[in-house]
file structure_3.pdb (PDB, C-alpha atoms, pLDDT in the B column)
ATOM      1  CA  PHE E 975     -10.422  -7.940  10.131  1.00 53.00           C
ATOM      2  CA  LEU E 976      -8.188  -7.067   7.186  1.00 56.00           C
ATOM      3  CA  THR E 977      -8.767  -3.336   7.404  1.00 56.00           C
ATOM      4  CA  CYS E 978      -8.274  -3.322  11.182  1.00 57.00           C
ATOM      5  CA  LEU E 979      -5.016  -5.290  11.052  1.00 63.00           C
ATOM      6  CA  PRO E 980      -2.742  -2.215  10.741  1.00 58.00           C
ATOM      7  CA  ILE E 981      -4.259  -0.801  13.930  1.00 58.00           C
ATOM      8  CA  LEU E 982      -3.627  -4.116  15.682  1.00 62.00           C
ATOM      9  CA  ILE E 983      -0.008  -3.938  14.557  1.00 62.00           C
ATOM     10  CA  ALA E 984       0.251  -0.364  15.826  1.00 56.00           C
ATOM     11  CA  VAL E 985      -0.999  -1.377  19.262  1.00 56.00           C
ATOM     12  CA  ILE E 986       1.413  -4.311  19.479  1.00 59.00           C
ATOM     13  CA  LEU E 987       4.371  -2.236  18.338  1.00 58.00           C
ATOM     14  CA  ASN E 988       3.777   0.390  20.965  1.00 54.00           C
ATOM     15  CA  ALA E 989       3.044  -2.115  23.701  1.00 53.00           C
ATOM     16  CA  SER E 990       6.450  -3.768  23.785  1.00 54.00           C
ATOM     17  CA  CYS E 991       9.819  -3.788  22.084  1.00 53.00           C
ATOM     18  CA  GLY E 992      10.978  -7.302  23.018  1.00 52.00           C
ATOM     19  CA  SER E 993      12.491  -9.514  20.346  1.00 54.00           C
ATOM     20  CA  ASP E 994       9.673 -12.062  20.594  1.00 57.00           C
ATOM     21  CA  ILE E 995       7.098  -9.315  20.105  1.00 61.00           C
ATOM     22  CA  GLN E 996       9.052  -7.888  17.175  1.00 64.00           C
ATOM     23  CA  LEU E 997       9.142 -11.313  15.524  1.00 68.00           C
ATOM     24  CA  SER E 998       5.394 -11.724  16.018  1.00 70.00           C
ATOM     25  CA  VAL E 999       4.807  -8.293  14.552  1.00 70.00           C
ATOM     26  CA  GLY E1000       7.027  -9.163  11.595  1.00 73.00           C
ATOM     27  CA  VAL E1001       4.933 -12.250  10.889  1.00 76.00           C
ATOM     28  CA  ILE E1002       1.688 -10.275  11.184  1.00 77.00           C
ATOM     29  CA  GLN E1003       2.967  -7.566   8.871  1.00 79.00           C
ATOM     30  CA  PHE E1004       4.108 -10.163   6.353  1.00 82.00           C
ATOM     31  CA  ILE E1005       0.657 -11.779   6.357  1.00 82.00           C
ATOM     32  CA  PHE E1006      -0.976  -8.388   5.929  1.00 82.00           C
ATOM     33  CA  LYS E1007       1.296  -7.409   3.031  1.00 86.00           C
ATOM     34  CA  ALA E1008       0.638 -10.793   1.401  1.00 87.00           C
ATOM     35  CA  GLU E1009      -3.105 -10.195   1.702  1.00 86.00           C
ATOM     36  CA  LEU E1010      -2.686  -6.742   0.175  1.00 88.00           C
ATOM     37  CA  ALA E1011      -0.723  -8.221  -2.727  1.00 91.00           C
ATOM     38  CA  VAL E1012      -3.490 -10.729  -3.417  1.00 91.00           C
ATOM     39  CA  LEU E1013      -6.208  -8.087  -3.134  1.00 90.00           C
ATOM     40  CA  VAL E1014      -4.515  -5.545  -5.392  1.00 92.00           C
ATOM     41  CA  SER E1015      -3.957  -8.283  -7.985  1.00 93.00           C
ATOM     42  CA  LEU E1016      -7.629  -9.250  -7.728  1.00 92.00           C
ATOM     43  CA  ASN E1017      -8.657  -5.606  -8.021  1.00 91.00           C
ATOM     44  CA  PHE E1018      -6.531  -5.208 -11.132  1.00 91.00           C
ATOM     45  CA  TYR E1019      -8.062  -8.340 -12.673  1.00 91.00           C
ATOM     46  CA  LEU E1020     -11.649  -7.329 -11.880  1.00 89.00           C
ATOM     47  CA  TRP E1021     -11.161  -3.840 -13.265  1.00 88.00           C
ATOM     48  CA  TYR E1022      -9.558  -5.192 -16.434  1.00 88.00           C
ATOM     49  CA  THR E1023     -12.240  -7.784 -17.122  1.00 86.00           C
ATOM     50  CA  GLN E1024     -15.200  -5.570 -16.203  1.00 85.00           C
ATOM     51  CA  PHE E1025     -14.106  -2.300 -17.842  1.00 84.00           C
ATOM     52  CA  LYS E1026     -10.749  -2.196 -19.637  1.00 81.00           C
ATOM     53  CA  ARG E1027     -11.499  -4.763 -22.352  1.00 75.00           C
ATOM     54  CA  GLN E1028     -14.370  -2.720 -23.789  1.00 76.00           C
ATOM     55  CA  ASN E1029     -13.035   0.819 -23.354  1.00 77.00           C
ATOM     56  CA  VAL E1030     -10.083   3.053 -24.232  1.00 76.00           C
ATOM     57  CA  TYR E1031      -7.840   5.509 -22.398  1.00 81.00           C
ATOM     58  CA  SER E1032      -8.992   9.048 -23.077  1.00 79.00           C
ATOM     59  CA  ASP E1033      -9.775  10.657 -19.712  1.00 77.00           C
ATOM     60  CA  LYS E1034      -7.283  13.048 -18.136  1.00 83.00           C
ATOM     61  CA  TYR E1035      -5.889  12.377 -14.665  1.00 85.00           C
ATOM     62  CA  ASP E1036      -4.607  15.605 -13.130  1.00 86.00           C
ATOM     63  CA  GLY E1037      -2.975  13.968 -10.110  1.00 86.00           C
ATOM     64  CA  LYS E1038      -0.629  11.731 -12.088  1.00 90.00           C
ATOM     65  CA  ILE E1039       2.590  13.693 -11.477  1.00 92.00           C
ATOM     66  CA  ILE E1040       1.975  14.027  -7.735  1.00 94.00           C
ATOM     67  CA  LEU E1041       1.119  10.344  -7.485  1.00 94.00           C
ATOM     68  CA  LEU E1042       4.281   9.323  -9.339  1.00 95.00           C
ATOM     69  CA  LEU E1043       6.470  11.544  -7.153  1.00 95.00           C
ATOM     70  CA  SER E1044       4.967  10.195  -3.933  1.00 95.00           C
ATOM     71  CA  THR E1045       5.275   6.665  -5.318  1.00 96.00           C
ATOM     72  CA  ALA E1046       8.979   7.254  -5.968  1.00 96.00           C
ATOM     73  CA  GLY E1047       9.419   8.394  -2.362  1.00 95.00           C
ATOM     74  CA  MET E1048       7.511   5.369  -1.102  1.00 94.00           C
ATOM     75  CA  LEU E1049       9.642   3.002  -3.177  1.00 96.00           C
ATOM     76  CA  LEU E1050      12.847   4.661  -1.988  1.00 95.00           C
ATOM     77  CA  TYR E1051      11.803   4.421   1.659  1.00 93.00           C
ATOM     78  CA  THR E1052      10.857   0.769   1.219  1.00 92.00           C
ATOM     79  CA  THR E1053      14.186   0.063  -0.468  1.00 94.00           C
ATOM     80  CA  PHE E1054      16.073   1.402   2.559  1.00 92.00           C
ATOM     81  CA  GLY E1055      14.217  -1.135   4.697  1.00 89.00           C
ATOM     82  CA  LEU E1056      14.916  -3.917   2.203  1.00 90.00           C
ATOM     83  CA  ILE E1057      18.644  -3.136   2.223  1.00 90.00           C
ATOM     84  CA  ALA E1058      18.704  -3.075   6.022  1.00 87.00           C
ATOM     85  CA  GLY E1059      16.997  -6.456   6.201  1.00 85.00           C
ATOM     86  CA  SER E1060      19.447  -7.918   3.693  1.00 86.00           C
ATOM     87  CA  VAL E1061      22.470  -6.683   5.666  1.00 84.00           C
ATOM     88  CA  ILE E1062      21.188  -8.089   8.946  1.00 78.00           C
ATOM     89  CA  ASP E1063      20.196 -11.339   7.259  1.00 61.00           C
ATOM     90  CA  ASP E1064      23.711 -11.748   5.886  1.00 59.00           C
ATOM     91  CA  ARG E1065      25.060 -11.460   9.400  1.00 60.00           C
ATOM     92  CA  GLY E1066      22.677 -14.187  10.534  1.00 54.00           C
ATOM     93  CA  LEU E1067      21.534 -12.116  13.487  1.00 57.00           C
ATOM     94  CA  SER E1068      17.770 -12.283  13.361  1.00 69.00           C
ATOM     95  CA  TYR E1069      14.743 -14.067  11.960  1.00 74.00           C
ATOM     96  CA  ILE E1070      13.054 -10.679  12.040  1.00 76.00           C
ATOM     97  CA  ALA E1071      15.199  -9.636   9.075  1.00 81.00           C
ATOM     98  CA  THR E1072      13.799 -12.442   6.930  1.00 83.00           C
ATOM     99  CA  PHE E1073      10.246 -11.266   7.460  1.00 82.00           C
ATOM    100  CA  LEU E1074      11.365  -7.674   6.915  1.00 84.00           C
ATOM    101  CA  ILE E1075      12.800  -8.610   3.508  1.00 88.00           C
ATOM    102  CA  LEU E1076       9.621 -10.464   2.543  1.00 89.00           C
ATOM    103  CA  GLN E1077       7.484  -7.548   3.732  1.00 89.00           C
ATOM    104  CA  LYS E1078       9.455  -5.029   1.714  1.00 92.00           C
ATOM    105  CA  LEU E1079       9.391  -7.146  -1.445  1.00 94.00           C
ATOM    106  CA  LEU E1080       5.623  -7.505  -1.160  1.00 94.00           C
ATOM    107  CA  GLU E1081       5.293  -3.813  -0.402  1.00 93.00           C
ATOM    108  CA  LEU E1082       7.252  -2.902  -3.537  1.00 95.00           C
ATOM    109  CA  PHE E1083       4.942  -5.123  -5.566  1.00 96.00           C
ATOM    110  CA  VAL E1084       1.812  -3.619  -4.009  1.00 95.00           C
ATOM    111  CA  VAL E1085       2.958  -0.025  -4.497  1.00 95.00           C
ATOM    112  CA  VAL E1086       3.891  -0.519  -8.157  1.00 96.00           C
ATOM    113  CA  CYS E1087       0.685  -2.408  -8.982  1.00 95.00           C
ATOM    114  CA  GLN E1088      -1.474   0.004  -7.029  1.00 95.00           C
ATOM    115  CA  THR E1089      -0.035   3.111  -8.670  1.00 95.00           C
ATOM    116  CA  SER E1090      -0.342   1.521 -12.101  1.00 94.00           C
ATOM    117  CA  LEU E1091      -3.958   0.565 -11.407  1.00 93.00           C
ATOM    118  CA  ILE E1092      -4.866   4.059 -10.222  1.00 94.00           C
ATOM    119  CA  ILE E1093      -3.348   5.763 -13.270  1.00 93.00           C
ATOM    120  CA  LYS E1094      -4.910   3.335 -15.744  1.00 92.00           C
ATOM    121  CA  ALA E1095      -8.329   3.378 -14.079  1.00 91.00           C
ATOM    122  CA  GLN E1096      -8.342   7.172 -13.843  1.00 91.00           C
ATOM    123  CA  ASN E1097      -7.420   7.522 -17.522  1.00 89.00           C
ATOM    124  CA  LEU E1098      -9.986   5.017 -18.779  1.00 88.00           C
ATOM    125  CA  HIS E1099     -13.052   6.505 -20.428  1.00 84.00           C
ATOM    126  CA  VAL E1100     -15.995   4.182 -19.823  1.00 81.00           C
ATOM    127  CA  GLN E1101     -18.587   4.037 -22.590  1.00 80.00           C
ATOM    128  CA  ASN E1102     -19.274   0.360 -23.127  1.00 73.00           C
ATOM    129  CA  LEU E1103     -20.824  -1.293 -20.090  1.00 73.00           C
ATOM    130  CA  ASN E1104     -20.974  -4.891 -18.922  1.00 72.00           C
ATOM    131  CA  PRO E1105     -23.659  -6.627 -16.859  1.00 76.00           C
ATOM    132  CA  GLU E1106     -23.139  -6.256 -13.133  1.00 73.00           C
ATOM    133  CA  PRO E1107     -21.030  -9.162 -11.855  1.00 76.00           C
ATOM    134  CA  LYS E1108     -22.702 -11.745  -9.682  1.00 73.00           C
ATOM    135  CA  TYR E1109     -20.120 -11.773  -6.907  1.00 77.00           C
ATOM    136  CA  ILE E1110     -17.506  -8.989  -6.749  1.00 83.00           C
ATOM    137  CA  SER E1111     -17.590  -5.699  -8.633  1.00 85.00           C
ATOM    138  CA  ALA E1112     -14.539  -3.546  -9.273  1.00 87.00           C
ATOM    139  CA  ASP E1113     -16.102  -0.464  -7.688  1.00 87.00           C
ATOM    140  CA  LYS E1114     -16.580  -2.307  -4.388  1.00 89.00           C
ATOM    141  CA  MET E1115     -12.917  -3.290  -4.448  1.00 90.00           C
ATOM    142  CA  PHE E1116     -11.961   0.344  -4.971  1.00 92.00           C
ATOM    143  CA  TYR E1117     -14.032   1.290  -1.933  1.00 91.00           C
ATOM    144  CA  MET E1118     -12.435  -1.446   0.152  1.00 89.00           C
ATOM    145  CA  PHE E1119      -8.963  -0.177  -0.731  1.00 91.00           C
ATOM    146  CA  PHE E1120     -10.076   3.331   0.173  1.00 91.00           C
ATOM    147  CA  LEU E1121     -10.948   2.105   3.674  1.00 88.00           C
ATOM    148  CA  ILE E1122      -7.729   0.101   3.986  1.00 87.00           C
ATOM    149  CA  ARG E1123      -5.563   3.057   2.975  1.00 88.00           C
ATOM    150  CA  VAL E1124      -7.328   5.451   5.341  1.00 86.00           C
ATOM    151  CA  ILE E1125      -6.821   3.088   8.273  1.00 83.00           C
ATOM    152  CA  MET E1126      -3.192   2.484   7.306  1.00 82.00           C
ATOM    153  CA  TRP E1127      -2.634   6.228   7.033  1.00 83.00           C
ATOM    154  CA  VAL E1128      -4.017   6.810  10.532  1.00 80.00           C
ATOM    155  CA  ALA E1129      -2.182   3.826  12.039  1.00 76.00           C
ATOM    156  CA  ASP E1130       1.166   4.603  10.407  1.00 77.00           C
ATOM    157  CA  SER E1131       0.895   8.235  11.485  1.00 76.00           C
ATOM    158  CA  TYR E1132       0.482   6.994  15.048  1.00 71.00           C
ATOM    159  CA  ILE E1133       3.268   4.406  15.117  1.00 69.00           C
ATOM    160  CA  GLY E1134       5.756   6.447  13.108  1.00 64.00           C
ATOM    161  CA  LYS E1135       6.673   8.667  16.034  1.00 58.00           C
ATOM    162  CA  ASN E1136       9.139   6.198  17.552  1.00 60.00           C
ATOM    163  CA  THR E1137      11.482   4.927  14.851  1.00 58.00           C
ATOM    164  CA  GLN E1138      13.871   3.143  17.212  1.00 59.00           C
ATOM    165  CA  LYS E1139      11.075   1.062  18.659  1.00 62.00           C
ATOM    166  CA  ILE E1140       9.229   0.122  15.492  1.00 67.00           C
ATOM    167  CA  MET E1141      12.241  -0.135  13.169  1.00 74.00           C
ATOM    168  CA  PRO E1142      15.046  -1.756  15.186  1.00 76.00           C
ATOM    169  CA  ILE E1143      16.774  -3.316  12.171  1.00 81.00           C
ATOM    170  CA  GLU E1144      16.923  -0.083  10.198  1.00 83.00           C
ATOM    171  CA  THR E1145      18.162   1.753  13.280  1.00 81.00           C
ATOM    172  CA  GLU E1146      20.893  -0.834  13.856  1.00 82.00           C
ATOM    173  CA  VAL E1147      22.096  -0.840  10.244  1.00 85.00           C
ATOM    174  CA  TYR E1148      22.048   2.892   9.529  1.00 87.00           C
ATOM    175  CA  GLY E1149      22.592   4.166  13.057  1.00 85.00           C
ATOM    176  CA  ASP E1150      20.296   6.363  15.111  1.00 84.00           C
ATOM    177  CA  LYS E1151      21.411   9.626  13.550  1.00 86.00           C
ATOM    178  CA  TYR E1152      21.340   8.620   9.888  1.00 88.00           C
ATOM    179  CA  TRP E1153      18.147   6.587  10.112  1.00 86.00           C
ATOM    180  CA  LYS E1154      16.413   9.450  11.891  1.00 85.00           C
ATOM    181  CA  THR E1155      17.474  11.738   9.035  1.00 88.00           C
ATOM    182  CA  ILE E1156      16.247   9.265   6.403  1.00 88.00           C
ATOM    183  CA  ASN E1157      13.023   8.708   8.300  1.00 87.00           C
ATOM    184  CA  ASP E1158      12.379  12.425   8.789  1.00 86.00           C
ATOM    185  CA  MET E1159      12.860  13.034   5.063  1.00 90.00           C
ATOM    186  CA  LEU E1160      10.933  10.102   3.585  1.00 89.00           C
ATOM    187  CA  TYR E1161       8.364   9.011   6.163  1.00 88.00           C
ATOM    188  CA  PRO E1162       6.159  12.073   5.529  1.00 90.00           C
ATOM    189  CA  VAL E1163       6.233  11.157   1.835  1.00 92.00           C
ATOM    190  CA  THR E1164       4.899   7.693   2.654  1.00 91.00           C
ATOM    191  CA  MET E1165       2.143   9.269   4.730  1.00 91.00           C
ATOM    192  CA  PHE E1166       1.255  11.528   1.826  1.00 93.00           C
ATOM    193  CA  TYR E1167       1.257   8.523  -0.505  1.00 94.00           C
ATOM    194  CA  LEU E1168      -1.221   6.681   1.720  1.00 92.00           C
ATOM    195  CA  PHE E1169      -3.409   9.773   1.935  1.00 92.00           C
ATOM    196  CA  HIS E1170      -3.217  10.471  -1.797  1.00 93.00           C
ATOM    197  CA  THR E1171      -4.015   6.898  -2.797  1.00 94.00           C
ATOM    198  CA  SER E1172      -6.936   6.752  -0.392  1.00 93.00           C
ATOM    199  CA  ILE E1173      -8.434   9.794  -2.124  1.00 94.00           C
ATOM    200  CA  ASP E1174      -7.694   8.245  -5.515  1.00 94.00           C
ATOM    201  CA  PHE E1175      -9.456   5.026  -4.601  1.00 94.00           C
ATOM    202  CA  TYR E1176     -12.487   6.931  -3.386  1.00 94.00           C
ATOM    203  CA  GLN E1177     -12.578   8.863  -6.662  1.00 93.00           C
ATOM    204  CA  LEU E1178     -12.355   5.584  -8.559  1.00 92.00           C
ATOM    205  CA  TYR E1179     -15.171   4.156  -6.481  1.00 92.00           C
ATOM    206  CA  LYS E1180     -17.393   7.123  -7.363  1.00 91.00           C
ATOM    207  CA  LYS E1181     -16.312   6.999 -11.012  1.00 88.00           C
ATOM    208  CA  TYR E1182     -17.112   3.312 -11.492  1.00 87.00           C
ATOM    209  CA  GLU E1183     -20.031   3.026  -9.087  1.00 84.00           C
ATOM    210  CA  GLY E1184     -23.078   1.672 -10.865  1.00 76.00           C
ATOM    211  CA  LEU E1185     -21.459   1.552 -14.319  1.00 77.00           C
ATOM    212  CA  TYR E1186     -23.160  -1.699 -15.235  1.00 71.00           C
ATOM    213  CA  THR E1187     -26.055  -2.573 -17.482  1.00 62.00           C
TER     214      THR E1187
END
call {"tool": "encode", "arguments": {"input": "structure_3.pdb", "output": "structure tokens"}}
result
Amino acid sequence: FLTCLPILIAVILNASCGSDIQLSVGVIQFIFKAELAVLVSLNFYLWYTQFKRQNVYSDKYDGKIILLLSTAGMLLYTTFGLIAGSVIDDRGLSYIATFLILQKLLELFVVVCQTSLIIKAQNLHVQNLNPEPKYISADKMFYMFFLIRVIMWVADSYIGKNTQKIMPIETEVYGDKYWKTINDMLYPVTMFYLFHTSIDFYQLYKKYEGLYT
């Protein structure tokens, strides 16, 4: 259900543009971003306890610069949405803005934590192994995030064609012309970030798969 939620959001967004639908979508997106925040925190904890404590950073990660640049673009794009939600919220015009602000704050948290996790996990050289955990292993979490990011990449590529419909608050605050310019410049960067991180998570899954005693 979690990995299919972005597709559900995409279908709803393209089905209608009424205010009630937009509010429902805002709530769904907030729940999804909250779930992502919990999962990325759990992934970080599992990786740290199962691998980081017994090993040191010595491996080289060649994709670090590209990841950091795409992360910067993702953070900038998210910040534009956060500012738009704050402006609308100050005017007292919409409950949608409140959920937009919460979404963007959670998204900033997820992006920062996720990028940090990828860089640290890629740089870690694993020599000392732990027994395989009884319930959840870090490599399985990496694979789950790989699936989530692939689905989000496909879904966001689909829904990103109509910015006025899926981003009414940003369009209202910045205006059609300026928001279209911002979106055309930064939205492809967010798509690249989703694609890049999905590949990174798959590489991490293969790197840590079976590294237990």
call {"tool": "closest_residue", "arguments": {"input": "structure_3.pdb", "among": "E:Ile1075, E:Leu1168, E:Ile1040, E:Met1141", "to": "Phe1120 of chain E", "atoms": "only C-alpha atoms"}}
result
E:Leu1168
call {"tool": "atom_distance", "arguments": {"input": "structure_3.pdb", "atom1": "atom CA of Ala1095 of chain E", "atom2": "atom CA of Tyr1161 of chain E"}}
result
26.8 Å
call {"tool": "residues_around", "arguments": {"input": "structure_3.pdb", "residues": "Thr1053 of chain E", "least_positions_apart": "4", "cutoff": "8 Å", "atoms": "all atoms listed in the file", "output": "PyMOL selection string"}}
result
chain E and resi 1049+1057+1078
call {"tool": "closest_residue", "arguments": {"input": "structure_3.pdb", "among": "E:Phe1025, E:Phe1175, E:Tyr1152, E:Tyr1019", "to": "Tyr1117 of chain E", "atoms": "only C-alpha atoms"}}
result
E:Phe1175
call {"tool": "closest_residue", "arguments": {"input": "structure_3.pdb", "among": "E:Ile1070, E:Leu1013, E:Val1100, E:Leu1178", "to": "Asp1033 of chain E", "atoms": "all atoms listed in the file"}}
result
E:Val1100
call {"tool": "closest_atom_pairs", "arguments": {"input": "structure_3.pdb", "of": "segment 998-1021 of chain E", "to": "segment 1084-1094 of chain E", "cutoff": "12 Å", "atoms": "only C-alpha atoms", "output": "JSON lines"}}
result
{"residue": "E:Phe1006", "atom": "CA", "partner": "E:Val1084", "partner_atom": "CA", "distance": 11.4}
{"residue": "E:Lys1007", "atom": "CA", "partner": "E:Val1084", "partner_atom": "CA", "distance": 8.0}
{"residue": "E:Ala1008", "atom": "CA", "partner": "E:Val1084", "partner_atom": "CA", "distance": 9.1}
{"residue": "E:Glu1009", "atom": "CA", "partner": "E:Val1084", "partner_atom": "CA", "distance": 10.0}
{"residue": "E:Leu1010", "atom": "CA", "partner": "E:Val1084", "partner_atom": "CA", "distance": 6.9}
{"residue": "E:Ala1011", "atom": "CA", "partner": "E:Val1084", "partner_atom": "CA", "distance": 5.4}
{"residue": "E:Val1012", "atom": "CA", "partner": "E:Val1084", "partner_atom": "CA", "distance": 8.9}
{"residue": "E:Leu1013", "atom": "CA", "partner": "E:Val1084", "partner_atom": "CA", "distance": 9.2}
{"residue": "E:Val1014", "atom": "CA", "partner": "E:Gln1088", "partner_atom": "CA", "distance": 6.5}
{"residue": "E:Ser1015", "atom": "CA", "partner": "E:Cys1087", "partner_atom": "CA", "distance": 7.6}
{"residue": "E:Leu1016", "atom": "CA", "partner": "E:Cys1087", "partner_atom": "CA", "distance": 10.8}
{"residue": "E:Asn1017", "atom": "CA", "partner": "E:Leu1091", "partner_atom": "CA", "distance": 8.5}
{"residue": "E:Phe1018", "atom": "CA", "partner": "E:Leu1091", "partner_atom": "CA", "distance": 6.3}
{"residue": "E:Tyr1019", "atom": "CA", "partner": "E:Leu1091", "partner_atom": "CA", "distance": 9.9}
{"residue": "E:Leu1020", "atom": "CA", "partner": "E:Leu1091", "partner_atom": "CA", "distance": 11.0}
{"residue": "E:Trp1021", "atom": "CA", "partner": "E:Leu1091", "partner_atom": "CA", "distance": 8.6}
call {"tool": "atom_distance", "arguments": {"input": "structure_3.pdb", "atom1": "atom CA of Asn1097 of chain E", "atom2": "atom CA of Leu1079 of chain E"}}
result
27.5 Å
